[in-house]
file entry13.pdb (PDB, N, CA and C atoms)
ATOM      1  N   MET A 184      33.896  31.904  24.779  1.00  0.00           N
ATOM      2  CA  MET A 184      33.959  31.807  23.345  1.00  0.00           C
ATOM      3  C   MET A 184      33.794  30.365  22.871  1.00  0.00           C
ATOM      4  N   ALA A 185      34.338  29.410  23.622  1.00  0.00           N
ATOM      5  CA  ALA A 185      34.224  28.016  23.230  1.00  0.00           C
ATOM      6  C   ALA A 185      32.778  27.549  23.308  1.00  0.00           C
ATOM      7  N   ASP A 186      32.029  28.034  24.304  1.00  0.00           N
ATOM      8  CA  ASP A 186      30.628  27.674  24.414  1.00  0.00           C
ATOM      9  C   ASP A 186      29.815  28.216  23.243  1.00  0.00           C
ATOM     10  N   GLU A 187      30.184  29.376  22.768  1.00  0.00           N
ATOM     11  CA  GLU A 187      29.486  29.975  21.639  1.00  0.00           C
ATOM     12  C   GLU A 187      29.719  29.160  20.372  1.00  0.00           C
ATOM     13  N   ALA A 188      30.924  28.660  20.197  1.00  0.00           N
ATOM     14  CA  ALA A 188      31.226  27.845  19.025  1.00  0.00           C
ATOM     15  C   ALA A 188      30.479  26.517  19.074  1.00  0.00           C
ATOM     16  N   VAL A 189      30.346  25.947  20.259  1.00  0.00           N
ATOM     17  CA  VAL A 189      29.625  24.687  20.405  1.00  0.00           C
ATOM     18  C   VAL A 189      28.143  24.893  20.129  1.00  0.00           C
ATOM     19  N   SER A 190      27.583  26.004  20.613  1.00  0.00           N
ATOM     20  CA  SER A 190      26.160  26.250  20.409  1.00  0.00           C
ATOM     21  C   SER A 190      25.836  26.509  18.944  1.00  0.00           C
ATOM     22  N   ARG A 191      26.784  27.028  18.194  1.00  0.00           N
ATOM     23  CA  ARG A 191      26.557  27.228  16.761  1.00  0.00           C
ATOM     24  C   ARG A 191      26.433  25.903  16.035  1.00  0.00           C
ATOM     25  N   HIS A 192      27.214  24.924  16.456  1.00  0.00           N
ATOM     26  CA  HIS A 192      27.188  23.624  15.796  1.00  0.00           C
ATOM     27  C   HIS A 192      25.984  22.797  16.221  1.00  0.00           C
ATOM     28  N   ARG A 193      25.419  23.099  17.366  1.00  0.00           N
ATOM     29  CA  ARG A 193      24.288  22.345  17.884  1.00  0.00           C
ATOM     30  C   ARG A 193      22.992  23.069  17.544  1.00  0.00           C
ATOM     31  N   ARG A 194      22.630  23.056  16.313  1.00  0.00           N
ATOM     32  CA  ARG A 194      21.407  23.728  15.882  1.00  0.00           C
ATOM     33  C   ARG A 194      20.277  22.721  15.924  1.00  0.00           C
ATOM     34  N   ARG A 195      19.210  23.126  16.581  1.00  0.00           N
ATOM     35  CA  ARG A 195      18.095  22.214  16.761  1.00  0.00           C
ATOM     36  C   ARG A 195      17.054  22.408  15.674  1.00  0.00           C
ATOM     37  N   MET A 196      16.429  21.308  15.326  1.00  0.00           N
ATOM     38  CA  MET A 196      15.342  21.336  14.368  1.00  0.00           C
ATOM     39  C   MET A 196      14.071  21.780  15.096  1.00  0.00           C
ATOM     40  N   PRO A 197      13.256  22.636  14.487  1.00  0.00           N
ATOM     41  CA  PRO A 197      12.005  23.030  15.134  1.00  0.00           C
ATOM     42  C   PRO A 197      11.117  21.805  15.375  1.00  0.00           C
ATOM     43  N   PHE A 198      10.371  21.849  16.471  1.00  0.00           N
ATOM     44  CA  PHE A 198       9.530  20.709  16.853  1.00  0.00           C
ATOM     45  C   PHE A 198       8.478  20.427  15.788  1.00  0.00           C
ATOM     46  N   SER A 199       7.907  21.460  15.205  1.00  0.00           N
ATOM     47  CA  SER A 199       6.867  21.256  14.185  1.00  0.00           C
ATOM     48  C   SER A 199       7.442  20.552  12.954  1.00  0.00           C
ATOM     49  N   ALA A 200       8.658  20.900  12.573  1.00  0.00           N
ATOM     50  CA  ALA A 200       9.288  20.231  11.431  1.00  0.00           C
ATOM     51  C   ALA A 200       9.562  18.766  11.754  1.00  0.00           C
ATOM     52  N   LEU A 201      10.017  18.508  12.968  1.00  0.00           N
ATOM     53  CA  LEU A 201      10.284  17.127  13.370  1.00  0.00           C
ATOM     54  C   LEU A 201       9.018  16.287  13.345  1.00  0.00           C
ATOM     55  N   VAL A 202       7.928  16.835  13.873  1.00  0.00           N
ATOM     56  CA  VAL A 202       6.655  16.106  13.885  1.00  0.00           C
ATOM     57  C   VAL A 202       6.184  15.823  12.467  1.00  0.00           C
ATOM     58  N   LEU A 203       6.280  16.801  11.584  1.00  0.00           N
ATOM     59  CA  LEU A 203       5.825  16.601  10.209  1.00  0.00           C
ATOM     60  C   LEU A 203       6.691  15.592   9.458  1.00  0.00           C
ATOM     61  N   PHE A 204       7.993  15.597   9.708  1.00  0.00           N
ATOM     62  CA  PHE A 204       8.863  14.610   9.060  1.00  0.00           C
ATOM     63  C   PHE A 204       8.590  13.195   9.578  1.00  0.00           C
ATOM     64  N   VAL A 205       8.292  13.072  10.866  1.00  0.00           N
ATOM     65  CA  VAL A 205       7.953  11.751  11.415  1.00  0.00           C
ATOM     66  C   VAL A 205       6.636  11.257  10.820  1.00  0.00           C
ATOM     67  N   LEU A 206       5.651  12.138  10.716  1.00  0.00           N
ATOM     68  CA  LEU A 206       4.374  11.752  10.111  1.00  0.00           C
ATOM     69  C   LEU A 206       4.545  11.361   8.645  1.00  0.00           C
ATOM     70  N   ALA A 207       5.435  12.053   7.941  1.00  0.00           N
ATOM     71  CA  ALA A 207       5.706  11.687   6.548  1.00  0.00           C
ATOM     72  C   ALA A 207       6.308  10.289   6.466  1.00  0.00           C
ATOM     73  N   GLY A 208       7.207   9.987   7.379  1.00  0.00           N
ATOM     74  CA  GLY A 208       7.782   8.642   7.410  1.00  0.00           C
ATOM     75  C   GLY A 208       6.748   7.584   7.728  1.00  0.00           C
ATOM     76  N   LEU A 209       5.830   7.924   8.621  1.00  0.00           N
ATOM     77  CA  LEU A 209       4.771   6.977   8.956  1.00  0.00           C
ATOM     78  C   LEU A 209       3.808   6.765   7.793  1.00  0.00           C
ATOM     79  N   CYS A 210       3.611   7.768   6.972  1.00  0.00           N
ATOM     80  CA  CYS A 210       2.756   7.610   5.792  1.00  0.00           C
ATOM     81  C   CYS A 210       3.430   6.762   4.718  1.00  0.00           C
ATOM     82  N   LEU A 211       4.734   6.729   4.725  1.00  0.00           N
ATOM     83  CA  LEU A 211       5.434   5.919   3.727  1.00  0.00           C
ATOM     84  C   LEU A 211       5.274   4.422   3.965  1.00  0.00           C
ATOM     85  N   VAL A 212       5.092   4.032   5.215  1.00  0.00           N
ATOM     86  CA  VAL A 212       4.975   2.596   5.531  1.00  0.00           C
ATOM     87  C   VAL A 212       3.756   1.974   4.845  1.00  0.00           C
ATOM     88  N   PRO A 213       2.533   2.510   5.046  1.00  0.00           N
ATOM     89  CA  PRO A 213       1.400   1.898   4.339  1.00  0.00           C
ATOM     90  C   PRO A 213       1.470   2.101   2.824  1.00  0.00           C
ATOM     91  N   ALA A 214       2.126   3.172   2.366  1.00  0.00           N
ATOM     92  CA  ALA A 214       2.275   3.356   0.923  1.00  0.00           C
ATOM     93  C   ALA A 214       3.096   2.228   0.330  1.00  0.00           C
ATOM     94  N   LEU A 215       4.194   1.900   0.978  1.00  0.00           N
ATOM     95  CA  LEU A 215       5.028   0.805   0.480  1.00  0.00           C
ATOM     96  C   LEU A 215       4.313  -0.536   0.582  1.00  0.00           C
ATOM     97  N   LEU A 216       3.543  -0.722   1.654  1.00  0.00           N
ATOM     98  CA  LEU A 216       2.783  -1.964   1.787  1.00  0.00           C
ATOM     99  C   LEU A 216       1.734  -2.090   0.686  1.00  0.00           C
ATOM    100  N   CYS A 217       1.068  -0.989   0.378  1.00  0.00           N
ATOM    101  CA  CYS A 217       0.055  -1.034  -0.686  1.00  0.00           C
ATOM    102  C   CYS A 217       0.684  -1.284  -2.041  1.00  0.00           C
ATOM    103  N   PHE A 218       1.822  -0.664  -2.307  1.00  0.00           N
ATOM    104  CA  PHE A 218       2.484  -0.879  -3.586  1.00  0.00           C
ATOM    105  C   PHE A 218       3.035  -2.295  -3.705  1.00  0.00           C
ATOM    106  N   ALA A 219       3.348  -2.911  -2.571  1.00  0.00           N
ATOM    107  CA  ALA A 219       3.832  -4.289  -2.584  1.00  0.00           C
ATOM    108  C   ALA A 219       2.693  -5.300  -2.665  1.00  0.00           C
ATOM    109  N   GLY A 220       1.447  -4.820  -2.592  1.00  0.00           N
ATOM    110  CA  GLY A 220       0.304  -5.720  -2.676  1.00  0.00           C
ATOM    111  C   GLY A 220      -0.131  -6.283  -1.345  1.00  0.00           C
ATOM    112  N   GLU A 221       0.402  -5.774  -0.253  1.00  0.00           N
ATOM    113  CA  GLU A 221       0.070  -6.268   1.077  1.00  0.00           C
ATOM    114  C   GLU A 221      -0.887  -5.340   1.833  1.00  0.00           C
ATOM    115  N   GLY A 222      -1.543  -4.414   1.129  1.00  0.00           N
ATOM    116  CA  GLY A 222      -2.443  -3.470   1.776  1.00  0.00           C
ATOM    117  C   GLY A 222      -3.685  -4.118   2.347  1.00  0.00           C
ATOM    118  N   ALA A 223      -4.086  -5.260   1.801  1.00  0.00           N
ATOM    119  CA  ALA A 223      -5.278  -5.958   2.298  1.00  0.00           C
ATOM    120  C   ALA A 223      -5.088  -6.445   3.729  1.00  0.00           C
ATOM    121  N   ARG A 224      -3.862  -6.599   4.168  1.00  0.00           N
ATOM    122  CA  ARG A 224      -3.619  -6.992   5.566  1.00  0.00           C
ATOM    123  C   ARG A 224      -3.994  -5.877   6.530  1.00  0.00           C
ATOM    124  N   LEU A 225      -3.877  -4.626   6.056  1.00  0.00           N
ATOM    125  CA  LEU A 225      -4.245  -3.484   6.893  1.00  0.00           C
ATOM    126  C   LEU A 225      -5.746  -3.248   6.878  1.00  0.00           C
ATOM    127  N   HIS A 226      -6.315  -3.229   5.681  1.00  0.00           N
ATOM    128  CA  HIS A 226      -7.741  -2.971   5.514  1.00  0.00           C
ATOM    129  C   HIS A 226      -8.146  -3.457   4.120  1.00  0.00           C
ATOM    130  N   PRO A 227      -9.361  -4.015   3.966  1.00  0.00           N
ATOM    131  CA  PRO A 227      -9.758  -4.506   2.634  1.00  0.00           C
ATOM    132  C   PRO A 227      -9.797  -3.417   1.561  1.00  0.00           C
ATOM    133  N   ALA A 228     -10.054  -2.175   1.954  1.00  0.00           N
ATOM    134  CA  ALA A 228     -10.096  -1.098   0.959  1.00  0.00           C
ATOM    135  C   ALA A 228      -8.710  -0.793   0.392  1.00  0.00           C
ATOM    136  N   LEU A 229      -7.664  -1.240   1.060  1.00  0.00           N
ATOM    137  CA  LEU A 229      -6.296  -0.967   0.606  1.00  0.00           C
ATOM    138  C   LEU A 229      -5.719  -2.104  -0.236  1.00  0.00           C
ATOM    139  N   SER A 230      -6.569  -3.009  -0.702  1.00  0.00           N
ATOM    140  CA  SER A 230      -6.064  -4.139  -1.488  1.00  0.00           C
ATOM    141  C   SER A 230      -5.595  -3.710  -2.870  1.00  0.00           C
ATOM    142  N   ASP A 231      -6.102  -2.605  -3.382  1.00  0.00           N
ATOM    143  CA  ASP A 231      -5.658  -2.085  -4.679  1.00  0.00           C
ATOM    144  C   ASP A 231      -4.280  -1.447  -4.516  1.00  0.00           C
ATOM    145  N   PRO A 232      -3.306  -1.809  -5.347  1.00  0.00           N
ATOM    146  CA  PRO A 232      -1.969  -1.211  -5.214  1.00  0.00           C
ATOM    147  C   PRO A 232      -1.957   0.306  -5.384  1.00  0.00           C
ATOM    148  N   MET A 233      -2.918   0.855  -6.129  1.00  0.00           N
ATOM    149  CA  MET A 233      -2.954   2.294  -6.325  1.00  0.00           C
ATOM    150  C   MET A 233      -3.483   3.037  -5.104  1.00  0.00           C
ATOM    151  N   ALA A 234      -3.969   2.304  -4.112  1.00  0.00           N
ATOM    152  CA  ALA A 234      -4.388   2.953  -2.868  1.00  0.00           C
ATOM    153  C   ALA A 234      -3.175   3.539  -2.154  1.00  0.00           C
ATOM    154  N   GLY A 235      -2.020   3.008  -2.434  1.00  0.00           N
ATOM    155  CA  GLY A 235      -0.793   3.530  -1.854  1.00  0.00           C
ATOM    156  C   GLY A 235      -0.435   4.908  -2.380  1.00  0.00           C
ATOM    157  N   LEU A 236      -1.022   5.281  -3.505  1.00  0.00           N
ATOM    158  CA  LEU A 236      -0.745   6.593  -4.077  1.00  0.00           C
ATOM    159  C   LEU A 236      -1.210   7.704  -3.144  1.00  0.00           C
ATOM    160  N   ALA A 237      -2.347   7.527  -2.488  1.00  0.00           N
ATOM    161  CA  ALA A 237      -2.841   8.537  -1.550  1.00  0.00           C
ATOM    162  C   ALA A 237      -1.878   8.690  -0.371  1.00  0.00           C
ATOM    163  N   PHE A 238      -1.352   7.575   0.118  1.00  0.00           N
ATOM    164  CA  PHE A 238      -0.376   7.645   1.211  1.00  0.00           C
ATOM    165  C   PHE A 238       0.926   8.287   0.753  1.00  0.00           C
ATOM    166  N   LEU A 239       1.340   7.999  -0.465  1.00  0.00           N
ATOM    167  CA  LEU A 239       2.570   8.567  -0.987  1.00  0.00           C
ATOM    168  C   LEU A 239       2.448  10.081  -1.167  1.00  0.00           C
ATOM    169  N   VAL A 240       1.329  10.523  -1.708  1.00  0.00           N
ATOM    170  CA  VAL A 240       1.103  11.958  -1.887  1.00  0.00           C
ATOM    171  C   VAL A 240       1.033  12.647  -0.528  1.00  0.00           C
ATOM    172  N   SER A 241       0.402  11.993   0.444  1.00  0.00           N
ATOM    173  CA  SER A 241       0.341  12.569   1.791  1.00  0.00           C
ATOM    174  C   SER A 241       1.729  12.673   2.418  1.00  0.00           C
ATOM    175  N   ALA A 242       2.559  11.673   2.200  1.00  0.00           N
ATOM    176  CA  ALA A 242       3.916  11.707   2.748  1.00  0.00           C
ATOM    177  C   ALA A 242       4.725  12.839   2.125  1.00  0.00           C
ATOM    178  N   ILE A 243       4.577  13.035   0.827  1.00  0.00           N
ATOM    179  CA  ILE A 243       5.304  14.117   0.157  1.00  0.00           C
ATOM    180  C   ILE A 243       4.809  15.472   0.648  1.00  0.00           C
ATOM    181  N   ALA A 244       3.487  15.603   0.818  1.00  0.00           N
ATOM    182  CA  ALA A 244       2.932  16.865   1.297  1.00  0.00           C
ATOM    183  C   ALA A 244       3.377  17.157   2.726  1.00  0.00           C
ATOM    184  N   LEU A 245       3.423  16.139   3.577  1.00  0.00           N
ATOM    185  CA  LEU A 245       3.866  16.341   4.955  1.00  0.00           C
ATOM    186  C   LEU A 245       5.344  16.716   5.014  1.00  0.00           C
ATOM    187  N   ALA A 246       6.154  16.080   4.196  1.00  0.00           N
ATOM    188  CA  ALA A 246       7.581  16.428   4.168  1.00  0.00           C
ATOM    189  C   ALA A 246       7.789  17.844   3.649  1.00  0.00           C
ATOM    190  N   GLY A 247       7.018  18.228   2.646  1.00  0.00           N
ATOM    191  CA  GLY A 247       7.111  19.598   2.137  1.00  0.00           C
ATOM    192  C   GLY A 247       6.652  20.617   3.162  1.00  0.00           C
ATOM    193  N   SER A 248       5.619  20.265   3.914  1.00  0.00           N
ATOM    194  CA  SER A 248       5.146  21.162   4.967  1.00  0.00           C
ATOM    195  C   SER A 248       6.152  21.252   6.108  1.00  0.00           C
ATOM    196  N   GLY A 249       6.873  20.180   6.364  1.00  0.00           N
ATOM    197  CA  GLY A 249       7.897  20.197   7.396  1.00  0.00           C
ATOM    198  C   GLY A 249       9.110  21.013   7.008  1.00  0.00           C
ATOM    199  N   ALA A 250       9.309  21.200   5.715  1.00  0.00           N
ATOM    200  CA  ALA A 250      10.451  21.985   5.260  1.00  0.00           C
ATOM    201  C   ALA A 250      10.268  23.475   5.544  1.00  0.00           C
ATOM    202  N   PHE A 251       9.033  23.949   5.573  1.00  0.00           N
ATOM    203  CA  PHE A 251       8.797  25.373   5.802  1.00  0.00           C
ATOM    204  C   PHE A 251       9.311  25.853   7.156  1.00  0.00           C
ATOM    205  N   PRO A 252       8.931  25.230   8.290  1.00  0.00           N
ATOM    206  CA  PRO A 252       9.478  25.730   9.559  1.00  0.00           C
ATOM    207  C   PRO A 252      10.988  25.559   9.654  1.00  0.00           C
ATOM    208  N   LEU A 253      11.526  24.537   9.002  1.00  0.00           N
ATOM    209  CA  LEU A 253      12.967  24.335   9.014  1.00  0.00           C
ATOM    210  C   LEU A 253      13.678  25.473   8.286  1.00  0.00           C
ATOM    211  N   VAL A 254      13.185  25.827   7.121  1.00  0.00           N
ATOM    212  CA  VAL A 254      13.796  26.915   6.349  1.00  0.00           C
ATOM    213  C   VAL A 254      13.607  28.247   7.061  1.00  0.00           C
ATOM    214  N   LEU A 255      12.418  28.476   7.613  1.00  0.00           N
ATOM    215  CA  LEU A 255      12.168  29.734   8.314  1.00  0.00           C
ATOM    216  C   LEU A 255      13.063  29.890   9.537  1.00  0.00           C
ATOM    217  N   SER A 256      13.312  28.805  10.262  1.00  0.00           N
ATOM    218  CA  SER A 256      14.197  28.904  11.430  1.00  0.00           C
ATOM    219  C   SER A 256      15.635  29.179  10.998  1.00  0.00           C
ATOM    220  N   ARG A 257      16.059  28.585   9.894  1.00  0.00           N
ATOM    221  CA  ARG A 257      17.415  28.852   9.404  1.00  0.00           C
ATOM    222  C   ARG A 257      17.561  30.299   8.932  1.00  0.00           C
ATOM    223  N   LEU A 258      16.517  30.812   8.274  1.00  0.00           N
ATOM    224  CA  LEU A 258      16.562  32.206   7.843  1.00  0.00           C
ATOM    225  C   LEU A 258      16.561  33.157   9.037  1.00  0.00           C
ATOM    226  N   ALA A 259      15.777  32.855  10.053  1.00  0.00           N
ATOM    227  CA  ALA A 259      15.735  33.695  11.249  1.00  0.00           C
ATOM    228  C   ALA A 259      17.092  33.666  11.976  1.00  0.00           C
ATOM    229  N   ARG A 260      17.714  32.488  12.023  1.00  0.00           N
ATOM    230  CA  ARG A 260      19.021  32.360  12.663  1.00  0.00           C
ATOM    231  C   ARG A 260      20.079  33.136  11.891  1.00  0.00           C
ATOM    232  N   ARG A 261      19.974  33.108  10.547  1.00  0.00           N
ATOM    233  CA  ARG A 261      20.924  33.838   9.710  1.00  0.00           C
ATOM    234  C   ARG A 261      20.760  35.349   9.897  1.00  0.00           C
ATOM    235  N   ASP A 262      19.522  35.812  10.057  1.00  0.00           N
ATOM    236  CA  ASP A 262      19.278  37.240  10.295  1.00  0.00           C
ATOM    237  C   ASP A 262      19.792  37.672  11.661  1.00  0.00           C
ATOM    238  N   GLY A 263      19.792  36.751  12.628  1.00  0.00           N
ATOM    239  CA  GLY A 263      20.236  37.082  13.963  1.00  0.00           C
ATOM    240  C   GLY A 263      21.751  37.183  14.077  1.00  0.00           C
ATOM    241  N   GLU A 264      22.464  36.602  13.143  1.00  0.00           N
ATOM    242  CA  GLU A 264      23.940  36.620  13.226  1.00  0.00           C
ATOM    243  C   GLU A 264      24.524  37.915  12.754  1.00  0.00           C
TER     244      GLU A 264
END
call {"tool": "encode", "arguments": {"input": "entry13.pdb", "output": "structure tokens"}}
result
Amino acid sequence: MADEAVSRHRRRMPFSALVLFVLAGLCLVPALLCFAGEGARLHPALSDPMAGLAFLVSAIALAGSGAFPLVLSRLARRDGE
């Protein structure tokens, strides 16, 4: 019974959700650099501060996509109980 209680508390995040959240975090780095005006250090096309908007939108989309497998796994776990 004690092992069952421990396993309930140790719920793992799906691998696909983890990958998408990491990619979203990685997209935030160049977005912040572009908004700070330092995008030209990465590439000359990123010298415009609004170039960071594409990275920001991509980060939001990746985080939203990562939420789907997370929610689906929680719903599946709830149905299994």
call {"tool": "select_by_dssp", "arguments": {"input": "entry13.pdb", "residues": "chain A", "states": "alpha helix (DSSP H)", "output": "NGL selection string"}}
result
:A and (185-192 or 198-218 or 235-263)
call {"tool": "closest_residue", "arguments": {"input": "entry13.pdb", "among": "A:Ala228, A:Ala223, A:Leu253, A:Leu239", "to": "A:Pro197", "atoms": "all atoms listed in the file"}}
result
A:Leu253
call {"tool": "resolve_selection", "arguments": {"input": "entry13.pdb", "expression": "the PyMOL selection byres ((chain A and resi 200) around 6)", "output": "list in words"}}
result
Pro197, Phe198, Ser199, Leu201, Val202, Leu203, Phe204, Val205, Gly249, Ala250, Pro252 and Leu253 of chain A
call {"tool": "atom_distance", "arguments": {"input": "entry13.pdb", "atom1": "atom C of A:Glu221", "atom2": "atom C of A:Leu209"}}
result
14.3 Å
call {"tool": "closest_residue", "arguments": {"input": "entry13.pdb", "among": "A:Ala259, A:Val254, A:Ala246, A:Leu225", "to": "A:Ala207", "atoms": "only N, CA and C atoms"}}
result
A:Ala246
call {"tool": "closest_residue", "arguments": {"input": "entry13.pdb", "among": "A:Leu255, A:Leu229, A:Leu206, A:Cys217", "to": "A:Ile243", "atoms": "only C-alpha atoms"}}
result
A:Leu206
call {"tool": "atom_distance", "arguments": {"input": "entry13.pdb", "atom1": "atom N of A:Pro232", "atom2": "atom C of A:Phe218"}}
result
6.6 Å
call {"tool": "resolve_selection", "arguments": {"input": "entry13.pdb", "expression": "the PyMOL selection byres ((chain A and resi 214) around 6.5)", "output": "compact mmCIF listing (two decimals) with N, CA and C atoms, in the coordinates of the input"}}
result
# COMPACT_ATOMS: atom_id res chain seq x y z
N CYS A 210 3.61 7.77 6.97
CA CYS A 210 2.76 7.61 5.79
C CYS A 210 3.43 6.76 4.72
N LEU A 211 4.73 6.73 4.72
CA LEU A 211 5.43 5.92 3.73
C LEU A 211 5.27 4.42 3.96
N VAL A 212 5.09 4.03 5.22
CA VAL A 212 4.97 2.60 5.53
C VAL A 212 3.76 1.97 4.84
N PRO A 213 2.53 2.51 5.05
CA PRO A 213 1.40 1.90 4.34
C PRO A 213 1.47 2.10 2.82
N LEU A 215 4.19 1.90 0.98
CA LEU A 215 5.03 0.80 0.48
C LEU A 215 4.31 -0.54 0.58
N LEU A 216 3.54 -0.72 1.65
CA LEU A 216 2.78 -1.96 1.79
C LEU A 216 1.73 -2.09 0.69
N CYS A 217 1.07 -0.99 0.38
CA CYS A 217 0.06 -1.03 -0.69
C CYS A 217 0.68 -1.28 -2.04
N PHE A 218 1.82 -0.66 -2.31
CA PHE A 218 2.48 -0.88 -3.59
C PHE A 218 3.04 -2.30 -3.70
N ALA A 219 3.35 -2.91 -2.57
CA ALA A 219 3.83 -4.29 -2.58
C ALA A 219 2.69 -5.30 -2.66
N ALA A 234 -3.97 2.30 -4.11
CA ALA A 234 -4.39 2.95 -2.87
C ALA A 234 -3.18 3.54 -2.15
N GLY A 235 -2.02 3.01 -2.43
CA GLY A 235 -0.79 3.53 -1.85
C GLY A 235 -0.44 4.91 -2.38
N LEU A 236 -1.02 5.28 -3.50
CA LEU A 236 -0.74 6.59 -4.08
C LEU A 236 -1.21 7.70 -3.14
N PHE A 238 -1.35 7.58 0.12
CA PHE A 238 -0.38 7.64 1.21
C PHE A 238 0.93 8.29 0.75
N LEU A 239 1.34 8.00 -0.46
CA LEU A 239 2.57 8.57 -0.99
C LEU A 239 2.45 10.08 -1.17
call {"tool": "axis_aligned_box", "arguments": {"input": "entry13.pdb", "around": "stretch 250-257 of chain A", "padding_each_side": "8 Å", "output": "lines of an AutoDock Vina configuration file"}}
result
center_x = 13.2
center_y = 25.7
center_z = 8.3
size_x = 24.8
size_y = 25.1
size_z = 22.2
